[in-house]
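> Quick one: the structure is below, and I'll ask about it shortly.
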Amino acid sequence: MHDAELTLDPSDWDSFRVQAHSALDMMIDYLRGVRDEPVWRPIPDPVVQRLSAEPPEEPEGLERALRDFQSDILPYPSGNLHPRFWSWVAGNGSPTGMVADMLASGLNALTIGFDDSAATRVDLQVLDWFKRLFRFPPESSGLFVSGSSMATIVALAVARTAKAGYDVRTHGVGRERSLLVYGSTETHNSVHKGVELLGLGNAHLRSIPTNAAFEIQIDSLVRAIETDAAHGRRPAILIANAGTVNTGAIDPLNAMADLASEYDLWLHVDGAFGSMATLTREPPSNLAGLEMADSLAFDLHKWLHQPYAVGCVLVRHPTLHRDTFTAEPAYLEVPDGGLAAGPINFSAFGVQHSRSFTALRPWLSFKTHGLRVFRELIEQNISQARYLDGLIRDTEYLELLAPTSLNIVNYRFNPGWIEESALDALNRRILVELQEQGIAGPSSTRIGEAGRFSIRVCITNHRSRLEDFRHLVDASVRIGLELLRDAPQDGSA
Ligand SMILES: *Cc1c(COP(=O)(O)O)cnc(C)c1O
């Protein structure tokens with residue numbers, strides 16, 4: 001009987017349409033009013049309870065499920081939609097990106113590449129856009145992935161193929177001398193993770209010291225490479241940071257590209273967010289040479305404001321890239337025509353097989369807004385960081401803890417009469433208050449060898465305005481003084 005056959009399609013498309021429109025309206029209202037929300041609020045216990053409930057066996061209906069979303073999920077975001085959210089390196093997304101995501105989910109493309117679909121063509125088109133933006137050769141290969149962590153794993157896998165000197169896919173690592181990897185002490189932990197997963201071993205990742213600007217010390221790097229080579233070891237891979245997560249420092253890429261060619265090393269650039277500064281009218285001088293990299297990892301969900309999660313890897317050597325991942329099982333034989341005769345097999349360039357149609361986000365966003373505004377937003381964030389840097393210099397009781405070179409500002413409250421050890425605890429408290437009072441969402445780090453606790457403001461936010469930074473500075477001083485006033489007067493905080 002026809003009626004007995006099941007499907008997930010609505011039985012009444014008209015009422016589905018109404019409910020789906022109301023879901024869209026809910027998000028539009030939320031985004032429109034997000035500035036008036038607290039940056040963050042703790043999740044009440046009853047909500048936490050409800051969010052640990054068993055899955056329902058029987059239907060609740062979309063209307064009821066959407067009401068639950070509105071009451072239990074929507075009010076408790078991480079805060080990263082908010083104009084005063086500056087934790088970690090987080091993006092805002094955008095209303096346009098939300099529409100792109102809805103369309104992509106509607107299409108439900110698998111984006112494997114050999115599916116001859118427009119989604120595959122868009123994926124390749126947007127990859128070409130990024131090759132041009134980063135001045136990589138047109139024949140380079142690339143892949144949209146979940147983020148820079150995955151991009152780095154893919155890139156390091158290709159580097160391993162390139163430098164092993166034997167068929168590492170068949171024989172595994174360790175048949176010859178270990179491949180050595182070099183990066184500064186500021187290198188992101190995703191590189192460590194990649195080195196571990198690929199069997200290269202963290203003991204073979206050399207941590208090179210940085211200068212006062214937290215950029216890799218080229219002299220120390222050269223010494224480390226030469227010492228290893230002199231001992232018969234195998235220098236193989238150089239990691240350059242284009243924007244460190246602690247302070248936004250950019251390693252001198254030109255000098256590192258020269259070293260890579262002199263010592264025959266693979267140059268991988270972790271450009272998760274900082275590489276985007278190359279799109280501005282006056283890119284930081286240390287970024288010159290970015291186009292010389294053998295591989296580049298960058299995120300679209302950070303400083304390009306695309307919805308989570310999407311990053312990209314570009315590789316200068318397409319054959320090595322394919323040789324690292326390709327497989328030709330019978331069920332993926334390429335036919336002469338039809339739906340499986342698409343232009344490329346993306347799974348031959350990375351870890352994932354099925355992928356979501358993430359390239360639609362930048363495609364729709366760039367077409368809607370034009371590239372120029374994305375360039376200008378990066379410039380705007382960099383000048384906001386300079387503005388905040390200046391405010392902190394001019395504000396009694398606050399001090400900078402690191403030079404501001406890009407979009408990250410590190411500071412703390414320091415009235416001048418408190419001992420160093422107590423300052424850490426006091427500033428930790430200030431940060432929690434800033435967040436719990438819903439005022440602002442910076443994060444923290446520890447700066448330099450002294451490891452001072454720092455309130456860290458990373459500006460990858462297209463909603464921030466100058467007034468937001470004044471608000472942060474005023475609140476930091478106010479909370480600092482209140483905490484001191486309420487603390488027992490024994491010299492500690
Ligand atoms: C965020 C970040 C990463 C990791 O990227 P994901 O997209 O979170 O996987 C790596 N390096 C740097 C410098 C980052 O800021």
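Letters A, B, ... mark the chains of the structure tokens in the order given; residue numbers begin at 1 per chain; ligand numbers begin at 1, in order shown.
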Quick one: residues within 8 Å of Tyr76 (chain A), only C-alpha atoms, excluding same-chain residues fewer than 5 positions away - as a ChimeraX atom specification?
/A:40-43
> Would you name the residues within 6 Å of ligand 1, counting only C-alpha atoms and all ligand atoms, and put them as a list of chain:residue names?
A:Val89, A:Gly147, A:Ser148, A:Ser149, A:His188, A:Ser190, A:Gly243, A:Thr244, A:Val245, A:Asp270, A:Ala272, A:Phe273, A:Asp299
> Could you write out the selected residues, including N, CA and C atoms, as a PDB file, in the first residue's frame?

```pdb
ATOM      1  N   VAL A  89      41.067  32.215  18.177  1.00  0.00           N
ATOM      2  CA  VAL A  89      40.972  32.894  16.880  1.00  0.00           C
ATOM      3  C   VAL A  89      39.649  32.421  16.302  1.00  0.00           C
ATOM      4  N   GLY A 147      39.540  22.484   8.511  1.00  0.00           N
ATOM      5  CA  GLY A 147      40.220  23.615   9.131  1.00  0.00           C
ATOM      6  C   GLY A 147      41.719  23.451   8.984  1.00  0.00           C
ATOM      7  N   SER A 148      42.450  24.363   9.598  1.00  0.00           N
ATOM      8  CA  SER A 148      43.908  24.340   9.433  1.00  0.00           C
ATOM      9  C   SER A 148      44.554  23.099  10.043  1.00  0.00           C
ATOM     10  N   SER A 149      43.931  22.523  11.080  1.00  0.00           N
ATOM     11  CA  SER A 149      44.515  21.306  11.658  1.00  0.00           C
ATOM     12  C   SER A 149      44.555  20.207  10.596  1.00  0.00           C
ATOM     13  N   HIS A 188      51.786  26.262  16.510  1.00  0.00           N
ATOM     14  CA  HIS A 188      50.478  25.798  16.999  1.00  0.00           C
ATOM     15  C   HIS A 188      50.489  24.288  17.261  1.00  0.00           C
ATOM     16  N   SER A 190      48.504  22.074  16.536  1.00  0.00           N
ATOM     17  CA  SER A 190      48.038  21.215  15.431  1.00  0.00           C
ATOM     18  C   SER A 190      49.228  20.660  14.640  1.00  0.00           C
ATOM     19  N   GLY A 243      51.313  34.282  11.434  1.00  0.00           N
ATOM     20  CA  GLY A 243      50.326  34.619  12.452  1.00  0.00           C
ATOM     21  C   GLY A 243      50.313  33.563  13.545  1.00  0.00           C
ATOM     22  N   THR A 244      51.096  33.792  14.608  1.00  0.00           N
ATOM     23  CA  THR A 244      51.072  32.836  15.723  1.00  0.00           C
ATOM     24  C   THR A 244      49.826  33.083  16.555  1.00  0.00           C
ATOM     25  N   VAL A 245      49.380  32.034  17.203  1.00  0.00           N
ATOM     26  CA  VAL A 245      48.118  32.134  17.915  1.00  0.00           C
ATOM     27  C   VAL A 245      48.264  32.981  19.186  1.00  0.00           C
ATOM     28  N   ASP A 270      51.947  27.664   8.202  1.00  0.00           N
ATOM     29  CA  ASP A 270      50.689  27.678   8.949  1.00  0.00           C
ATOM     30  C   ASP A 270      50.156  29.104   8.895  1.00  0.00           C
ATOM     31  N   ALA A 272      46.892  29.956   9.205  1.00  0.00           N
ATOM     32  CA  ALA A 272      45.484  29.784   9.609  1.00  0.00           C
ATOM     33  C   ALA A 272      44.696  31.088   9.493  1.00  0.00           C
ATOM     34  N   PHE A 273      45.186  32.118  10.166  1.00  0.00           N
ATOM     35  CA  PHE A 273      44.494  33.410  10.023  1.00  0.00           C
ATOM     36  C   PHE A 273      45.418  34.479   9.444  1.00  0.00           C
ATOM     37  N   ASP A 299      42.527  29.066   7.133  1.00  0.00           N
ATOM     38  CA  ASP A 299      41.126  28.894   7.513  1.00  0.00           C
ATOM     39  C   ASP A 299      40.237  29.910   6.823  1.00  0.00           C
TER      40      ASP A 299
END
```
> Given the choices A:Thr280, A:Ser15, A:Thr152, A:Thr210, which gets closest to Phe374 (chain A) if the distance is worked out from only C-alpha atoms?
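Residue with the minimum atom-to-atom distance to Phe374 (chain A): A:Thr280.
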> Using DSSP on the backbone coordinates, identify the residues of region 231-355 of chain A assigned to alpha helix (DSSP H); present them as a PyMOL selection string.
chain A and resi 253-263+318-325
> The selected residues should be written to file as a PDB file, in the first residue's frame (atoms: N, CA, C and O atoms).

```
ATOM      1  N   LEU A 253      59.118  35.033   6.165  1.00  0.00           N
ATOM      2  CA  LEU A 253      58.893  33.946   5.204  1.00  0.00           C
ATOM      3  C   LEU A 253      59.933  33.922   4.091  1.00  0.00           C
ATOM      4  O   LEU A 253      60.353  32.847   3.653  1.00  0.00           O
ATOM      5  N   ASN A 254      60.360  35.104   3.637  1.00  0.00           N
ATOM      6  CA  ASN A 254      61.374  35.122   2.580  1.00  0.00           C
ATOM      7  C   ASN A 254      62.643  34.416   3.029  1.00  0.00           C
ATOM      8  O   ASN A 254      63.195  33.579   2.305  1.00  0.00           O
ATOM      9  N   ALA A 255      63.097  34.748   4.230  1.00  0.00           N
ATOM     10  CA  ALA A 255      64.328  34.138   4.747  1.00  0.00           C
ATOM     11  C   ALA A 255      64.138  32.632   4.895  1.00  0.00           C
ATOM     12  O   ALA A 255      65.045  31.840   4.604  1.00  0.00           O
ATOM     13  N   MET A 256      62.942  32.220   5.325  1.00  0.00           N
ATOM     14  CA  MET A 256      62.714  30.781   5.508  1.00  0.00           C
ATOM     15  C   MET A 256      62.618  30.061   4.161  1.00  0.00           C
ATOM     16  O   MET A 256      63.061  28.918   4.021  1.00  0.00           O
ATOM     17  N   ALA A 257      62.062  30.746   3.162  1.00  0.00           N
ATOM     18  CA  ALA A 257      62.013  30.146   1.821  1.00  0.00           C
ATOM     19  C   ALA A 257      63.438  29.966   1.282  1.00  0.00           C
ATOM     20  O   ALA A 257      63.756  28.942   0.657  1.00  0.00           O
ATOM     21  N   ASP A 258      64.299  30.961   1.548  1.00  0.00           N
ATOM     22  CA  ASP A 258      65.709  30.830   1.117  1.00  0.00           C
ATOM     23  C   ASP A 258      66.369  29.631   1.785  1.00  0.00           C
ATOM     24  O   ASP A 258      67.079  28.848   1.146  1.00  0.00           O
ATOM     25  N   LEU A 259      66.128  29.498   3.096  1.00  0.00           N
ATOM     26  CA  LEU A 259      66.719  28.364   3.824  1.00  0.00           C
ATOM     27  C   LEU A 259      66.191  27.037   3.288  1.00  0.00           C
ATOM     28  O   LEU A 259      66.942  26.067   3.135  1.00  0.00           O
ATOM     29  N   ALA A 260      64.895  27.010   3.005  1.00  0.00           N
ATOM     30  CA  ALA A 260      64.294  25.773   2.493  1.00  0.00           C
ATOM     31  C   ALA A 260      64.981  25.370   1.198  1.00  0.00           C
ATOM     32  O   ALA A 260      65.284  24.191   0.984  1.00  0.00           O
ATOM     33  N   SER A 261      65.254  26.355   0.343  1.00  0.00           N
ATOM     34  CA  SER A 261      65.872  25.955  -0.922  1.00  0.00           C
ATOM     35  C   SER A 261      67.358  25.632  -0.712  1.00  0.00           C
ATOM     36  O   SER A 261      67.863  24.670  -1.297  1.00  0.00           O
ATOM     37  N   GLU A 262      68.022  26.350   0.194  1.00  0.00           N
ATOM     38  CA  GLU A 262      69.445  26.069   0.428  1.00  0.00           C
ATOM     39  C   GLU A 262      69.656  24.664   1.018  1.00  0.00           C
ATOM     40  O   GLU A 262      70.565  23.948   0.615  1.00  0.00           O
ATOM     41  N   TYR A 263      68.782  24.273   1.947  1.00  0.00           N
ATOM     42  CA  TYR A 263      68.980  22.984   2.632  1.00  0.00           C
ATOM     43  C   TYR A 263      68.031  21.893   2.120  1.00  0.00           C
ATOM     44  O   TYR A 263      67.932  20.827   2.720  1.00  0.00           O
ATOM     45  N   PRO A 318      51.424  19.108  -7.363  1.00  0.00           N
ATOM     46  CA  PRO A 318      50.210  18.292  -7.479  1.00  0.00           C
ATOM     47  C   PRO A 318      50.487  16.789  -7.573  1.00  0.00           C
ATOM     48  O   PRO A 318      49.718  15.982  -7.048  1.00  0.00           O
ATOM     49  N   THR A 319      51.582  16.405  -8.223  1.00  0.00           N
ATOM     50  CA  THR A 319      51.849  14.971  -8.373  1.00  0.00           C
ATOM     51  C   THR A 319      52.188  14.339  -7.028  1.00  0.00           C
ATOM     52  O   THR A 319      51.661  13.274  -6.670  1.00  0.00           O
ATOM     53  N   LEU A 320      53.050  15.021  -6.278  1.00  0.00           N
ATOM     54  CA  LEU A 320      53.374  14.508  -4.935  1.00  0.00           C
ATOM     55  C   LEU A 320      52.126  14.443  -4.075  1.00  0.00           C
ATOM     56  O   LEU A 320      51.945  13.522  -3.273  1.00  0.00           O
ATOM     57  N   HIS A 321      51.276  15.450  -4.243  1.00  0.00           N
ATOM     58  CA  HIS A 321      50.048  15.515  -3.452  1.00  0.00           C
ATOM     59  C   HIS A 321      49.191  14.276  -3.751  1.00  0.00           C
ATOM     60  O   HIS A 321      48.762  13.562  -2.847  1.00  0.00           O
ATOM     61  N   ARG A 322      48.988  14.005  -5.058  1.00  0.00           N
ATOM     62  CA  ARG A 322      48.154  12.863  -5.429  1.00  0.00           C
ATOM     63  C   ARG A 322      48.823  11.554  -5.017  1.00  0.00           C
ATOM     64  O   ARG A 322      48.177  10.638  -4.514  1.00  0.00           O
ATOM     65  N   ASP A 323      50.137  11.487  -5.196  1.00  0.00           N
ATOM     66  CA  ASP A 323      50.862  10.257  -4.838  1.00  0.00           C
ATOM     67  C   ASP A 323      50.725   9.915  -3.351  1.00  0.00           C
ATOM     68  O   ASP A 323      50.907   8.769  -2.954  1.00  0.00           O
ATOM     69  N   THR A 324      50.421  10.921  -2.561  1.00  0.00           N
ATOM     70  CA  THR A 324      50.325  10.686  -1.116  1.00  0.00           C
ATOM     71  C   THR A 324      49.017  10.007  -0.721  1.00  0.00           C
ATOM     72  O   THR A 324      48.966   9.269   0.255  1.00  0.00           O
ATOM     73  N   PHE A 325      47.966  10.251  -1.492  1.00  0.00           N
ATOM     74  CA  PHE A 325      46.645   9.785  -1.036  1.00  0.00           C
ATOM     75  C   PHE A 325      45.899   8.903  -2.032  1.00  0.00           C
ATOM     76  O   PHE A 325      44.885   8.314  -1.687  1.00  0.00           O
TER      77      PHE A 325
END
```
> Pick the closest to Ala297 (chain A) from A:Cys312, A:Ala487, A:Val351, A:Ile392: which is it, counting only C-alpha atoms?
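Closest candidate: A:Cys312.
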> I want to know what sits within 12 Å of Phe349 (chain A), based on only C-alpha atoms, with residues of the same chain fewer than 5 positions away left out; could you give that as an MDAnalysis selection string?
chainID A and resid 112:113 140:145 150:151 153:155 157:158 312:315 317:327 344
> Ranking A:Thr368, A:Ser78, A:Gln384, A:Ser421 by minimum distance to Glu467 (chain A) and counting only C-alpha atoms, which one comes first?
A:Gln384
> Of the candidates A:Asp264, A:Glu399, A:Glu419, A:Asp115, which shows the shortest atom-to-atom distance to Ala341 (chain A), using only C-alpha atoms?
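The shortest atom-to-atom distance to Ala341 (chain A) comes from A:Asp115.
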> What are the closest atom pairs, with distances in Å to one decimal, for all residues of region 415-478 of chain A lying within 12 Å of region 32-37 of chain A? Consider only C-alpha atoms, order rows by chain and residue number, and present the result as CSV.

```
residue,atom,partner,partner_atom,distance
A:Gln437,CA,A:Glu37,CA,11.4
A:Gly438,CA,A:Glu37,CA,8.2
A:Ile439,CA,A:Glu37,CA,9.6
A:Ala440,CA,A:Glu37,CA,11.0
A:Arg463,CA,A:Arg35,CA,8.6
A:Ser464,CA,A:Arg35,CA,9.5
A:Arg465,CA,A:Arg35,CA,10.8
A:Asp468,CA,A:Arg35,CA,10.3
```
